[in-house]
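Remarks on the structure that follows.
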Amino acid sequence: METDYLIVGAGSAGCVLAGRLSAREDTRVTVIEAGGSDQHPWVRMPIGYGKSFHHPRLNWRYRTDPEPSLEGRGIYWPRGRVLGGSSSINAMVFIRGQREDYDGWEALGNPGWAYRDVLPVFRRMEDNLAGADEWRGSGGPLSVADVSRLVHPLCNRFLAAGRAAGLDANPDFNGASQEGVGIYQITTRKGIRASASSAYLRPAMRRPNLTVLTHAQATRILFEGKRAVGVEYRRGGKLLTIRARREVILSAGAVNSPQLLQLSGIGDPGLLAAHGIDTVHASHQVGRNLQDHLGFDYIYRSRMPTLNNILRPWWSQLALGIRYVLARSGPLSLSVNQAGGFFRTDPARDRPNMQLYFSPVSYIKAVPGKRQLLRPDPYPGFLVGVSNCHPTSRGHIRIRSADPFAAPQIQPNYLSTDEDMEEMVEAAYFLRRLAATSPMAELIAEELRPGAGVMARAEIEADIRHRAGSVFHASGTCGMGPDPATSVVDSRLRVHGLTGLRVVDASIFPRLIAGNTNAAVVMVGEMASDFILADAR
């Protein structure tokens, strides 16, 4: 089989590439995806991400190696294994990041990636259902909904508490400023998840020049000299190949893109030799520079009803299900990450360094690694969480063997710098200050986790090490930059030292952005489409 462009991975960026590249009728595009169809009820129903979070057919269900700074715990890492990738299983929060994030990418030697460059791309990809303005777009493929009138009433309590704690109200985290508290916008349309698949891939699948192969897992990239010419993959128990006349494009994500490069002989020669893999091209940065947002929650018993009261009883679940089927409305049509914001742990900082989350639901007894959104605690409860926007800790992804079906080693090295722990402790102090404000204090019956007795700095730090976990924003493992000694791809996402090969997904982030990463990954797919089509011309 032969194609012009071969895309490995139908995730957030891969779907964008498939949609944009196949719009050229004279171009044949093929996508291979290890997972299956996204036409699954837990994908389409927004609150279904509580089920897909650990679903064996929809999720890679990775775990990190034991984390030294988190009491040796292995941290659960869900990753989408389905059309749409992680955009089909995430909490749907739409955040672009801060202006300074992208200006910082450019300052690292990546021309064309400053905020002034990416803002028009963000606007063109978006269909903001509230309409376009200076910052927001309409008419694009990806629906973004303002659900401020639909969220649980307790969210207003949280917003009032944020203002009482000194934060401004912010009606749009993707507008002029990210700082403040507000209601999160989410990628839904008419009560159904709007994933990269439904926005870009599904409409394009009607084109005769686009082929999408599901349950097809890439095992290695094929090379002729230093040129990528195709991919070997396994499907239906058979080992098959596809050749690419123009380019092979890896969009397998921050875990699987570096893994596939290493399996194909691109990486640290010492690592490759240890697993019997011949080096095609030495690139020591493949799999390095791993970054992720780390977060923790404070969980409270509430004096007022929360989503627990609605989602827990079976008869209420039945009524909510009927309402959703008939009208695509109600709590099942939303995320539980309903409100939040961005703040500075120190006023002297030049921009927010922490993200806030408010969920009017609690699931304190959930099995580790799962989210029991449809089986919350049997009493009214809610949680307020934080995560760091710009961690300084760095980790790595490394293959454990030459077996392409073996999960790689994931070592994030969370809290491996003093700076990261310091700001997490400062964020915990802020959560206590937030809880002490009148709007929140009147709501709280009891602090369940970590508990009112955890007050001393050493106790707070120990609690963070005991309970903190990933908020699932892995990036950086095929970082973008001008120097092959410190990066994997150039500013047009071509792999240094090779031809016919690009990486297009969150792994190319040179530095992690502030906030949820899915919108930025879709933007990266749009940018890469422009580069590829321009080069073809």
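Here's how to read the names in the structure tokens: chain A, B, ... by the order shown, residue numbers from 1 in each chain, ligand numbers from 1 in the order shown.
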Practice prompt. Please identify which residues in segment 213-268 of chain A DSSP calls strand (DSSP E) from the backbone, and express them as a PyMOL selection string.
Written response: chain A and resi 213+217-224+227-235+238-250+266-267
Can you spit out the residues from that selection as a PDB file, in the first residue's frame, using C-alpha atoms?
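Saved file selection22.pdb follows:
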```pdb
ATOM      1  CA  LEU A 213      -7.137   2.205   9.558  1.00  0.00           C
ATOM      2  CA  GLN A 217      -0.485  -0.269  15.765  1.00  0.00           C
ATOM      3  CA  ALA A 218       2.755   1.054  14.301  1.00  0.00           C
ATOM      4  CA  THR A 219       5.776  -1.041  15.207  1.00  0.00           C
ATOM      5  CA  ARG A 220       8.558   0.903  13.489  1.00  0.00           C
ATOM      6  CA  ILE A 221       9.301   3.585  10.904  1.00  0.00           C
ATOM      7  CA  LEU A 222      10.949   2.400   7.698  1.00  0.00           C
ATOM      8  CA  PHE A 223      13.980   4.257   6.342  1.00  0.00           C
ATOM      9  CA  GLU A 224      16.058   4.370   3.200  1.00  0.00           C
ATOM     10  CA  ARG A 227      14.771   9.325   4.687  1.00  0.00           C
ATOM     11  CA  ALA A 228      11.564   7.990   6.247  1.00  0.00           C
ATOM     12  CA  VAL A 229       9.697   6.052   3.546  1.00  0.00           C
ATOM     13  CA  GLY A 230       6.942   4.245   5.426  1.00  0.00           C
ATOM     14  CA  VAL A 231       5.767   2.430   8.524  1.00  0.00           C
ATOM     15  CA  GLU A 232       5.478  -1.170   9.599  1.00  0.00           C
ATOM     16  CA  TYR A 233       2.344  -1.923  11.613  1.00  0.00           C
ATOM     17  CA  ARG A 234       0.368  -4.827  13.030  1.00  0.00           C
ATOM     18  CA  ARG A 235      -3.323  -5.253  12.283  1.00  0.00           C
ATOM     19  CA  LYS A 238      -0.629  -9.555  10.501  1.00  0.00           C
ATOM     20  CA  LEU A 239       2.531  -7.489  10.111  1.00  0.00           C
ATOM     21  CA  LEU A 240       1.993  -5.045   7.230  1.00  0.00           C
ATOM     22  CA  THR A 241       3.686  -2.001   5.697  1.00  0.00           C
ATOM     23  CA  ILE A 242       2.604   1.283   4.148  1.00  0.00           C
ATOM     24  CA  ARG A 243       4.946   3.427   2.099  1.00  0.00           C
ATOM     25  CA  ALA A 244       4.761   7.227   2.130  1.00  0.00           C
ATOM     26  CA  ARG A 245       5.692   9.085  -1.038  1.00  0.00           C
ATOM     27  CA  ARG A 246       6.018  12.436   0.694  1.00  0.00           C
ATOM     28  CA  GLU A 247       6.096  12.281   4.497  1.00  0.00           C
ATOM     29  CA  VAL A 248       5.608  10.151   7.573  1.00  0.00           C
ATOM     30  CA  ILE A 249       4.051  12.205  10.375  1.00  0.00           C
ATOM     31  CA  LEU A 250       4.117  10.975  13.974  1.00  0.00           C
ATOM     32  CA  ILE A 266      16.163   7.243  16.452  1.00  0.00           C
ATOM     33  CA  GLY A 267      17.438   8.180  19.883  1.00  0.00           C
TER      34      GLY A 267
END
```
Worksheet entry | Spatial neighbours of Gly253 of chain A, 10 Å, only C-alpha atoms, chain gap at least 3 places, as a count of residues only | 28
Item to complete: With a distance cut-off of 9 Å and only C-alpha atoms, select the neighbouring residues of Glu71 of chain A, excluding the residue or stretch itself and same-chain residues fewer than 4 positions from it, and output the selection as an MDAnalysis selection string.
Response: chainID A and resid 66:67 465:466
Saved selection, atoms kept: C-alpha atoms, as a short mmCIF file (atom, residue, chain, number, x, y, z; two decimals), in the first residue's frame:
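Saved result, result27.cif, follows:
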```cif
data_model
loop_
_atom_site.label_atom_id
_atom_site.label_comp_id
_atom_site.auth_asym_id
_atom_site.auth_seq_id
_atom_site.Cartn_x
_atom_site.Cartn_y
_atom_site.Cartn_z
CA PRO A 66 7.79 4.73 41.10
CA GLU A 67 8.19 8.45 41.75
CA ARG A 465 3.83 13.83 48.41
CA HIS A 466 1.17 11.36 49.56
#
```
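The nearest approach to Glu446 of chain A among the residues A:Arg303, A:Arg537, A:Arg349, A:Arg24, with only C-alpha atoms taken into account, belongs to A:Arg303.
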Please report, as a tab-separated table, each residue of segment 161-229 of chain A lying at most 8 Å from segment 138-153 of chain A, together with the nearest pair of atoms and the separation in Å rounded to one decimal; use only C-alpha atoms, and order rows by chain and ascending residue number.
```
residue	atom	partner	partner_atom	distance
A:Ile183	CA	A:Ser148	CA	5.8
A:Tyr184	CA	A:Asp146	CA	7.5
A:Gln185	CA	A:Asp146	CA	5.0
A:Ile186	CA	A:Ala145	CA	5.4
A:Thr187	CA	A:Val144	CA	4.5
A:Thr188	CA	A:Ala145	CA	6.0
A:Arg189	CA	A:Ser143	CA	6.1
A:Ala194	CA	A:Ser143	CA	6.2
A:Ser195	CA	A:Leu142	CA	7.6
A:Ala196	CA	A:Leu142	CA	7.2
A:Ala199	CA	A:Pro141	CA	5.0
A:Tyr200	CA	A:Pro141	CA	6.4
```
Item to complete: Have a look at atom CA of Pro380 of chain A and atom CA of Ala445 of chain A and let me know their distance in Å, one decimal.
Response: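 Distance reported for this atom pair: 9.6 Å.
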